[in-house]
Amino acid sequence: MASPSSFSKAILSLACVVLLIGGASAQLSIYYYAETCPDLFETVKPIVQEAIAQEARMGASLLRLFFHDCFVNGCDGSNLLDDTSTFIGEKNAAPNQNSLRGFDVVDKIKSAVEEACPGIVSCADLLGIIARDAVEILGGPGWDVKLGRRDARTASQAAANNSIPPPTNNLDALTSSFQNHGLSQKDLVALYGAHTIGQARCTNFRARIYNESNIDSSFAQTMKSNCPSVSGVGDNNLDGLDFQSDTTFDNTYYVNLMRNRGLLHSDQQLFNGGSTDSLIRTYAQSQETFFNDFVASMINMGDIQPLTGSNGEIRKNCRRIN
Ligand code: HEM
């Protein structure tokens with residue numbers, strides 16, 4: 001049996017491990033800027049609102065920016081950095097190139113926030129606030145965003161290529177990708193509900209609508225009319241990820257999956273006779289349950305490896321390291 005002193009040493013090391021794992025995210029707080037930038041939320045939201053009023057899809061694009069940030073070495077604003085002659089960032093990584101959008105809106109928000117409270121609010125935190133506002137404006141739930149992340153002074157194109165799951169993934173690969181980021185299969189299913197808004201390019205769903213059998217035939221037919229079978233033709237033609245309502249944040253994405261109307265191969269993997277089918281049924285039946293779980297999972301995703309304390313910096317311009 002362990003002696004009392006080795007027992008307390010074991011408890012102490014366990015506490016250290018817990019602190020190390022949870023430490024950085026434990027420093028995040030919903031009140032982080034309450035004193036230093038009290039008008040932060042009132043500064044951000046109208047600009048998100050205006051961008052969505054101009055183009056409803058922009059809400060989806062802004063939400064996706066947060067996901068593509070958090071999955072690549074943590075939520076640290078790394079995907080906002082521009083490439084330069086001496087710096088290769090993440091914007092031209094395969095999942096991002098010709099696909100990620102909304103950078104101008106982030107610039108506009110950052111400028112307004114810098115005017116209100118210069119040098120205080122990180123770009124990484126802005127992405128979290130913007131994602132929340134976009135979801136809420138399009139009819140989804142609201143939540144308190146944990147804040148206090150700092151901005152990366154690096155970026156990694158290789159990590160962006162490796163860490164963001166491609167739409168060709170099967171359920172097992174999607175599940176392990178989320179596990180690698182400390183997220184559960186439930187987080188995967190709940191966060192995937194983000195595909196209730198926004199659009200995808202033909203190049204990302206061509207193989208599914210022409211070759212797969214777990215697809216509703218009339219849905220496939222409709223999608224084919226805008227996505228020619230020949231690779232290279234119409235690659236950038238767009239269709240809604242939730243073909244019924246791609247500018248409303250609701251639970252119809254899950255209803256579509258139950259009818260084999262998922263647009264991406266990876267979407268339909270969530271309802272394909274596997275372990276996630278029952279959760280899809282739950283979310284398709286109860287928008288409230290989906291909203292509650294989506295919020296919890298967005299908070300979990302926002303906790304991935306934040307830079308805190310003296311790590312990183314508060315960028316002046318989200319596109320450049322200071
Ligand atoms: C789980 C694995 C995921 C895969 C494989 C995946 C894949 C994709 C793909 C291929 C597109 C279309 C891109 C294009 O054609 O240019 C897309 C769009 C989108 N994704 Fe995901 N995604 C995943 C998870 C997520 C998560 C977790 C979120 C947010 C929480 C998200 C939010 C979005 C949004 C909002 C769009 C539409 C963007 C727009 O219209 O600009 N996705 N996703």
# chains A, B, ... in the order shown; residues from 1 in each chain; ligands from 1
call {"tool": "residues_near_ligand", "arguments": {"ligand": "ligand 1", "cutoff": "7 Å", "atoms": "only C-alpha atoms and all ligand atoms", "output": "compact mmCIF listing (two decimals) with N, CA and C atoms, in the first residue's frame"}}
result
# COMPACT_ATOMS: atom_id res chain seq x y z
N ARG A 57 -25.33 34.49 -46.62
CA ARG A 57 -24.35 33.41 -46.49
C ARG A 57 -23.16 33.79 -45.61
N MET A 58 -22.90 35.09 -45.51
CA MET A 58 -21.73 35.51 -44.76
C MET A 58 -21.75 34.99 -43.31
N ALA A 60 -22.64 32.12 -42.29
CA ALA A 60 -22.06 30.77 -42.32
C ALA A 60 -20.55 30.85 -42.46
N SER A 61 -20.10 31.72 -43.35
CA SER A 61 -18.67 31.84 -43.60
C SER A 61 -17.93 32.27 -42.33
N LEU A 63 -18.94 31.77 -39.20
CA LEU A 63 -18.95 30.67 -38.23
C LEU A 63 -17.84 29.67 -38.56
N ARG A 64 -17.68 29.39 -39.84
CA ARG A 64 -16.67 28.41 -40.25
C ARG A 64 -15.24 28.87 -39.94
N PHE A 67 -14.17 27.54 -36.60
CA PHE A 67 -13.85 26.10 -36.65
C PHE A 67 -12.47 25.88 -37.27
N ASN A 98 -9.74 29.16 -51.74
CA ASN A 98 -10.97 29.38 -52.52
C ASN A 98 -12.21 28.96 -51.75
N SER A 99 -12.12 28.92 -50.46
CA SER A 99 -13.23 28.39 -49.68
C SER A 99 -13.52 29.23 -48.43
N LEU A 100 -12.51 29.47 -47.61
CA LEU A 100 -12.73 30.31 -46.41
C LEU A 100 -13.02 31.73 -46.87
N ARG A 101 -13.98 32.35 -46.23
CA ARG A 101 -14.32 33.73 -46.59
C ARG A 101 -14.68 34.53 -45.34
N PRO A 165 -10.68 17.93 -41.00
CA PRO A 165 -11.08 16.71 -41.70
C PRO A 165 -11.66 17.01 -43.09
N PRO A 166 -11.32 16.21 -44.10
CA PRO A 166 -11.88 16.43 -45.44
C PRO A 166 -13.27 15.81 -45.58
N PRO A 167 -14.06 16.26 -46.56
CA PRO A 167 -15.43 15.77 -46.70
C PRO A 167 -15.52 14.34 -47.22
N ASN A 169 -14.10 11.93 -45.60
CA ASN A 169 -13.91 11.07 -44.42
C ASN A 169 -15.15 10.24 -44.09
N LEU A 174 -13.79 10.78 -38.94
CA LEU A 174 -14.32 12.03 -38.38
C LEU A 174 -14.26 11.99 -36.86
N LEU A 188 -19.00 16.10 -32.21
CA LEU A 188 -18.97 16.00 -33.67
C LEU A 188 -20.37 16.18 -34.25
N LEU A 191 -21.78 19.78 -33.48
CA LEU A 191 -21.12 20.86 -34.23
C LEU A 191 -21.39 20.76 -35.72
N TYR A 192 -21.57 19.54 -36.18
CA TYR A 192 -21.86 19.35 -37.60
C TYR A 192 -23.17 20.01 -37.99
N ALA A 194 -23.78 22.86 -37.70
CA ALA A 194 -23.42 24.13 -38.34
C ALA A 194 -23.72 24.09 -39.83
N HIS A 195 -23.75 22.88 -40.39
CA HIS A 195 -24.06 22.75 -41.82
C HIS A 195 -25.55 22.98 -42.11
N ILE A 197 -26.43 25.90 -42.13
CA ILE A 197 -26.27 27.15 -42.90
C ILE A 197 -25.05 27.01 -43.82
N GLY A 198 -25.07 27.80 -44.88
CA GLY A 198 -23.90 27.88 -45.75
C GLY A 198 -23.95 26.95 -46.95
N GLN A 199 -22.90 27.04 -47.74
CA GLN A 199 -22.89 26.36 -49.03
C GLN A 199 -21.59 25.60 -49.26
N ALA A 200 -21.66 24.68 -50.21
CA ALA A 200 -20.46 23.92 -50.60
C ALA A 200 -20.30 23.99 -52.11
N ARG A 201 -19.04 23.82 -52.55
CA ARG A 201 -18.74 23.83 -53.98
C ARG A 201 -18.93 22.43 -54.56
N CYS A 202 -19.39 22.42 -55.78
CA CYS A 202 -19.62 21.17 -56.52
C CYS A 202 -18.45 20.19 -56.40
N THR A 203 -17.24 20.71 -56.44
CA THR A 203 -16.07 19.83 -56.36
C THR A 203 -16.06 18.99 -55.08
N ASN A 204 -16.74 19.49 -54.04
CA ASN A 204 -16.77 18.76 -52.77
C ASN A 204 -17.94 17.78 -52.65
N LEU A 264 -22.72 16.47 -48.45
CA LEU A 264 -21.35 15.95 -48.50
C LEU A 264 -21.35 14.47 -48.10
N SER A 266 -19.30 13.21 -46.08
CA SER A 266 -19.10 13.20 -44.62
C SER A 266 -20.39 13.55 -43.87
N MET A 298 -19.83 24.19 -28.91
CA MET A 298 -19.09 25.38 -29.37
C MET A 298 -18.16 25.86 -28.26
call {"tool": "select_by_dssp", "arguments": {"residues": "stretch 208-281 of chain A", "states": "alpha helix (DSSP H)", "output": "list in words"}}
result
Arg208, Ile209, Tyr210, Asn211, Ser217, Ser218, Phe219, Ala220, Gln221, Thr222, Met223, Lys224, Thr252, Tyr253, Tyr254, Val255, Asn256, Leu257, Met258, His265, Ser266, Asp267, Gln268, Gln269, Asp277, Ser278, Leu279, Ile280 and Arg281 of chain A
call {"tool": "residues_around", "arguments": {"residues": "A:Gly193", "least_positions_apart": "6", "cutoff": "8 Å", "atoms": "only C-alpha atoms", "output": "list of chain:residue names"}}
result
A:Asn251, A:Tyr253, A:Tyr254, A:Phe290, A:Phe294
call {"tool": "write_last_selection", "arguments": {"atoms": "C-alpha atoms", "output": "tab-separated table (two decimals), in the first residue's frame"}}
result
chain	number	residue	atom	x	y	z
A	251	ASN	CA	-32.50	21.58	-37.12
A	253	TYR	CA	-30.02	19.66	-41.49
A	254	TYR	CA	-30.68	16.57	-39.33
A	290	PHE	CA	-29.80	20.43	-30.72
A	294	PHE	CA	-24.54	22.90	-30.05
call {"tool": "closest_residue", "arguments": {"among": "A:Leu238, A:Ser275, A:Lys186, A:Leu138", "to": "A:Ala53", "atoms": "only C-alpha atoms"}}
result
A:Leu138
call {"tool": "closest_residue", "arguments": {"among": "A:Asp39, A:Ala296, A:Phe243, A:Val72", "to": "A:Ser177", "atoms": "only C-alpha atoms"}}
result
A:Val72
call {"tool": "closest_residue", "arguments": {"among": "A:Phe205, A:Phe71, A:Trp143, A:Tyr283", "to": "A:His181", "atoms": "only C-alpha atoms"}}
result
A:Phe71
call {"tool": "atom_distance", "arguments": {"atom1": "atom CA of A:Thr36", "atom2": "atom CA of A:Gly140"}}
result
28.6 Å
call {"tool": "closest_residue", "arguments": {"among": "A:Phe249, A:Val255, A:Ser310, A:Arg206", "to": "A:Ser231", "atoms": "only C-alpha atoms"}}
result
A:Arg206
call {"tool": "residues_around", "arguments": {"residues": "A:Ser229", "least_positions_apart": "6", "cutoff": "9 Å", "atoms": "only C-alpha atoms", "output": "MDAnalysis selection string"}}
result
chainID A and resid 206:207 209:210
call {"tool": "write_last_selection", "arguments": {"atoms": "all heavy atoms", "output": "short mmCIF file (atom, residue, chain, number, x, y, z; two decimals), in the first residue's frame"}}
result
data_model
loop_
_atom_site.label_atom_id
_atom_site.label_comp_id
_atom_site.auth_asym_id
_atom_site.auth_seq_id
_atom_site.Cartn_x
_atom_site.Cartn_y
_atom_site.Cartn_z
N ARG A 206 -19.50 16.34 -55.80
CA ARG A 206 -19.73 15.69 -57.09
C ARG A 206 -19.73 14.16 -56.95
O ARG A 206 -20.64 13.47 -57.40
CB ARG A 206 -18.67 16.12 -58.09
CG ARG A 206 -18.78 15.43 -59.43
CD ARG A 206 -17.69 15.85 -60.39
NE ARG A 206 -17.92 17.18 -60.96
CZ ARG A 206 -17.08 18.21 -60.84
NH1 ARG A 206 -15.94 18.06 -60.18
NH2 ARG A 206 -17.36 19.36 -61.40
N ALA A 207 -18.68 13.64 -56.31
CA ALA A 207 -18.55 12.19 -56.21
C ALA A 207 -19.76 11.60 -55.48
O ALA A 207 -20.24 10.52 -55.84
CB ALA A 207 -17.26 11.84 -55.47
N ILE A 209 -22.98 12.84 -55.30
CA ILE A 209 -24.27 12.85 -56.02
C ILE A 209 -24.25 11.96 -57.26
O ILE A 209 -25.30 11.50 -57.70
CB ILE A 209 -24.74 14.29 -56.36
CG1 ILE A 209 -23.73 15.02 -57.27
CG2 ILE A 209 -25.01 15.09 -55.09
CD1 ILE A 209 -24.21 16.39 -57.73
N TYR A 210 -23.07 11.69 -57.81
CA TYR A 210 -23.02 10.82 -59.00
C TYR A 210 -22.77 9.35 -58.67
O TYR A 210 -23.19 8.46 -59.41
CB TYR A 210 -21.99 11.33 -60.01
CG TYR A 210 -22.49 12.56 -60.73
CD1 TYR A 210 -22.11 13.84 -60.33
CD2 TYR A 210 -23.39 12.46 -61.80
CE1 TYR A 210 -22.59 14.98 -60.96
CE2 TYR A 210 -23.88 13.59 -62.45
CZ TYR A 210 -23.47 14.84 -62.02
OH TYR A 210 -23.98 15.97 -62.66
#
call {"tool": "atom_distance", "arguments": {"atom1": "atom CA of A:Phe103", "atom2": "atom CA of A:Ile30"}}
result
24.4 Å
call {"tool": "closest_residue", "arguments": {"among": "A:Pro141, A:Gly102, A:Gly128, A:Gly262", "to": "A:Ile280", "atoms": "only C-alpha atoms"}}
result
A:Gly262
call {"tool": "closest_residue", "arguments": {"among": "A:Asn260, A:Ser78, A:Asn170, A:Thr247", "to": "A:Ile215", "atoms": "only C-alpha atoms"}}
result
A:Asn260
call {"tool": "select_by_dssp", "arguments": {"residues": "stretch 94-257 of chain A", "states": "strand (DSSP E or B)", "output": "PyMOL selection string"}}
result
chain A and resi 147+150-151+199-201+238-240
call {"tool": "atom_distance", "arguments": {"atom1": "atom CA of A:Ala160", "atom2": "atom CA of A:Asn226"}}
result
29.1 Å
call {"tool": "residues_around", "arguments": {"residues": "A:Gly89", "least_positions_apart": "4", "cutoff": "10 Å", "atoms": "only C-alpha atoms", "output": "PyMOL selection string"}}
result
chain A and resi 78-84+93+154-158+160+319
